[in-house]
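**Student:** First the structure, which I've put down as structure tokens, then a few questions once you've had a look.
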Amino acid sequence: MLEPSPSAVATKEMAGGTGGPPDALAEAVEFEVSRTKRYGVSGWLAMGWLAFVLVCAILIPMFMHAPVNTGKYANKGFLDELKFPLGTDGNGNNMVLLLAKGARNSLIVSVGAILFGLVVGGSLGLVAGYFRGRLDSILTGIFNILLAIPQLVLAIALVSVLATDTIDNKGIPHPVSSGRRLLILVIALGIVSVPILARITRANALQWSQREFVLAARAQGARNLTVMVREVLPNVLPAMFSIALLGIAVAMVAEGGLSILGVGVHFPSVSWGNMIAIGRADLRASPHIVFEPIACIFLTVLSLNYLGDVIRARFDVRESVL
Amino acid sequence: MRTALRRVIQLVVVLLCVSFFSFALISLFPGDPVVAIVGFSSAPQRAEIRHELRLDEPFIQQYGHWLGNFAKGNLGNVYYGPTGRGKVSTQVGQSLPISLQLMAYSMIITLLIAIPLGVFAAYKAGSVFDKLANATAFGSIALPDFALALILSYWVGVKLRWLPSSGYVHPTANLVEHLKSMTLPALSLAVGQIAGYMRLLRSDMIATLQEDYILMAKSKGIPTRRILWRHAVRPSSLTLLTVAGLNVGALIGGAIVVELIFGIPGMGRLLATAIFTRQFVELQSIVALIAIGYVIVNVIIDVLYTVFDPRIRDARAIA
């Protein structure tokens, strides 16, 4: 017999379930949230870590400067010397400073990309879901075509074409500047995120647009734009926000993948992904150069995923389109 | 019949759009693509290559030629300097099977681990095992595949020396060494996937286990194992199929990066070399190939739905 009466347990599990396709963790999380009505200890830990990363990314590069000619401190390991708690890289750079700078660029790329996706994808999805009809089918078709290319491949294609060093007729290469490269990464990863954010926005806008208060607003003579922004958008935001948090995590990981392929952030600038890509060459001798940024990425992605799930559970976001 | 026809038309439109996008990539390129492809070259040599790539023709005509060649299996050339030429199709012919092997192995590992875990977690829902499995799954989703690849290649490959940390052995050369060289890459790809499959299978099974026919089976005294594996898992195969469809894209992207870390000469390395040496023709063809492959896999999964699920099959037959 099925000994521990799984149906009883299952009923409890399902009670907090969402209406969409079952998502085990969302259920578990929701069950917990409904009990505590708060973010819980893990939620606060996640927020704490993200705040810590943000503060470090801003403050450490402002107050700490790379000492000149530090060759004698090269390749210090984790806790080898108190002066360098996280060790140094092959050039004697303090890992604390590198990780903080890396955090800054990783955050710029991933948050920037998702903001781009939220603005472009969100507004397209809102328009598609609100107006429906032919416009909707055209836009949905475009999203589906963008989704028909694996995300990382699309990003690789866009970045490698847009951010190639141009070569003039004399054969002299003109490298892309770091700032421009960051911008290209933001746009490329942003384009990749557009169809995903657009579809979740569209699906929610479709539901909310049919509610009575939208009809009421329109009956009072409000213009379409006003109705979309003031009536529909506020209700769609939680869904967009929870998916955006997951999206930031995905974009951060994607930047790491691009760096390993050699098309991410390039040398004078640092990102977590590019630290991994460069440190990979010296993995045997000084693994800490690779594993410290990996730990940072892991904790950040974990926190973002967790918070995304918590928000999704709190606002009962339905993932019917994902 | 009409739905089938509509599906085919949809597929053709998507394939055309995807191939057009891959083709249009080259026009996004800032500056002269010919100069990028062959850095040091004389003006006549550049003119020749420009003509060969049909860059002197109208855009749509270029696309038509490219598509025609692509359909015939001519994926264009790799340029080694102004005079050397190699065929992209030959390179793809060597690299693609290796990437497919890697993805197949990781798929096998995923299913072998995820299905028992998911079934057991659902059967013991709420238990310590279930909670532990869920937490592990949540954690492993947050660990990028390239990170896991580096951790494994360091611990298992360098520290413990159990398995090679890089390199590839052809299966016909030495099957054991081949499997050894593929274990770590396949494992690094599989772990993230296992979590996805396990979580969905678990919640699907929890719902299935509450069905009346399970109660019926229990009351007939059918052993638990048989109920779980014969009665409860089978309806969940559609869920597994859905996850497979969602995950193929991630699997392709992951394989590209993981191959590079383990020095496996698959599509990932081909792509990286093409980018590094600015071979845009090759880049175009590879992106188009991957995208088309991905679309076709998703269509196959869609068709499998109809085969597996009589409800969808019958509804389509009536319509």
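How things are named: the first chain in the structure tokens is A, the next is B, and so on; residues count from 1 in each chain; ligands count from 1 in the order shown.
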As a ChimeraX atom specification, please: the residues near range 197-214 of chain A (cut-off 9 Å, only C-alpha atoms, same-chain neighbours under 2 positions excluded).
**Tutor:** /A:114,117-118,120-132,136,140,143,193-195,216-219,227-228,231-233,235-237,239-240,243-244,247,317-322
**Student:** I'd like a table as a Markdown table: residues in chain B with an atom no more than 8 Å from chain A, each row giving the shortest atom pair and its distance in Å to one decimal, only C-alpha atoms counted, sorted by chain and rising residue number.
**Tutor:**
```
| residue | atom | partner | partner_atom | distance |
| --- | --- | --- | --- | --- |
| B:Val14 | CA | A:Ile145 | CA | 6.1 |
| B:Cys17 | CA | A:Ile145 | CA | 6.9 |
| B:Val18 | CA | A:Ile145 | CA | 6.7 |
| B:Leu25 | CA | A:Val161 | CA | 7.0 |
| B:Ile26 | CA | A:Val161 | CA | 7.2 |
| B:Leu28 | CA | A:Leu162 | CA | 6.8 |
| B:Phe29 | CA | A:Val161 | CA | 5.3 |
| B:Pro30 | CA | A:Leu162 | CA | 6.8 |
| B:Gly31 | CA | A:Thr166 | CA | 6.3 |
| B:Val35 | CA | A:Ile167 | CA | 6.6 |
| B:Ala36 | CA | A:Ile167 | CA | 6.3 |
| B:Gly39 | CA | A:Gly171 | CA | 5.9 |
| B:Phe40 | CA | A:Gly171 | CA | 6.0 |
| B:Tyr123 | CA | A:Pro6 | CA | 6.3 |
| B:Lys124 | CA | A:Pro6 | CA | 6.7 |
| B:Ala125 | CA | A:Val9 | CA | 6.4 |
| B:Gly126 | CA | A:Val9 | CA | 6.4 |
| B:Asn134 | CA | A:Leu25 | CA | 7.4 |
| B:Phe138 | CA | A:Leu302 | CA | 7.9 |
| B:Gly139 | CA | A:Leu302 | CA | 6.7 |
| B:Ala142 | CA | A:Leu302 | CA | 5.0 |
| B:Leu143 | CA | A:Phe298 | CA | 5.4 |
| B:Pro144 | CA | A:Val253 | CA | 6.3 |
| B:Phe146 | CA | A:Gly257 | CA | 7.1 |
| B:Ala147 | CA | A:Ile294 | CA | 6.1 |
| B:Leu150 | CA | A:Arg280 | CA | 7.9 |
| B:Ile151 | CA | A:Phe291 | CA | 7.7 |
| B:Tyr154 | CA | A:Arg284 | CA | 7.1 |
| B:Val158 | CA | A:Arg284 | CA | 6.9 |
| B:Arg199 | CA | A:Ala24 | CA | 5.7 |
| B:Leu200 | CA | A:Asp23 | CA | 6.3 |
| B:Arg202 | CA | A:Ala24 | CA | 7.0 |
| B:Ser203 | CA | A:Ala24 | CA | 5.2 |
| B:Asp204 | CA | A:Pro22 | CA | 6.8 |
| B:Ile206 | CA | A:Ala10 | CA | 5.9 |
| B:Ala207 | CA | A:Ala10 | CA | 7.4 |
| B:Leu209 | CA | A:Ser7 | CA | 6.8 |
| B:Gln210 | CA | A:Ser7 | CA | 5.6 |
| B:Lys218 | CA | A:Met1 | CA | 6.4 |
| B:Gly221 | CA | A:Met1 | CA | 7.4 |
| B:Ile222 | CA | A:Met1 | CA | 8.0 |
| B:Pro223 | CA | A:Met1 | CA | 6.6 |
| B:Thr224 | CA | A:Met1 | CA | 5.5 |
| B:Gly249 | CA | A:Pro150 | CA | 4.7 |
| B:Ala250 | CA | A:Pro150 | CA | 7.0 |
| B:Ile252 | CA | A:Pro150 | CA | 7.1 |
| B:Gly253 | CA | A:Leu152 | CA | 5.2 |
| B:Val257 | CA | A:Gly257 | CA | 6.1 |
| B:Leu260 | CA | A:Leu261 | CA | 7.5 |
| B:Ala272 | CA | A:Leu261 | CA | 5.7 |
| B:Ile275 | CA | A:Ser160 | CA | 6.3 |
| B:Phe276 | CA | A:Gly262 | CA | 7.7 |
| B:Arg278 | CA | A:Thr164 | CA | 7.9 |
| B:Leu283 | CA | A:Ala157 | CA | 7.6 |
| B:Val287 | CA | A:Val153 | CA | 6.8 |
| B:Ile290 | CA | A:Ile149 | CA | 7.7 |
| B:Ala291 | CA | A:Ile149 | CA | 4.8 |
| B:Ile292 | CA | A:Ile149 | CA | 7.9 |
| B:Tyr294 | CA | A:Ile149 | CA | 6.9 |
| B:Val295 | CA | A:Ala148 | CA | 5.9 |
```
**Student:** Can you pull out the residues contacting Gly112 in chain A? Cut-off 9 Å, using only C-alpha atoms, and skip same-chain residues under 4 positions away; I want them as number ranges by chain.
**Tutor:** A: 107-108, 116-117, 183, 186-187, 189-190, 248
**Student:** Do a neighbour search on Val270 in chain A at 10 Å with only C-alpha atoms, toss out local chain neighbours closer than 3 positions, and write the hits as a VMD selection string.
**Tutor:** chain A and resid 98 to 106 178 264 to 267 273 to 275 278
**Student:** Name the residues of range 35-222 of chain B that come out as strand (DSSP E or B) in a backbone DSSP run; write them as a PyMOL selection string.
**Tutor:** chain B and resi 77-80+84-87
**Student:** Using Å and a single decimal, report how far CA of Asn174 in chain B sits from CA of Ala149 in chain B.
**Tutor:**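 Here the two named atoms are 23.3 Å from each other.
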**Student:** Return the single residue from B:Val307, B:Asp145, B:Ser285, B:Arg46 that is closest to Ala24 in chain B, with distances computed using only C-alpha atoms.
**Tutor:**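 Closest to Ala24 in chain B, using only C-alpha atoms: B:Ser285.
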**Student:** Determine which residues of range 53-236 of chain B receive a DSSP assignment of alpha helix (DSSP H), computed from the backbone, and state them as a PyMOL selection string.
**Tutor:** chain B and resi 59-71+88-123+128-142+145-152+175-208+212-219+224-226
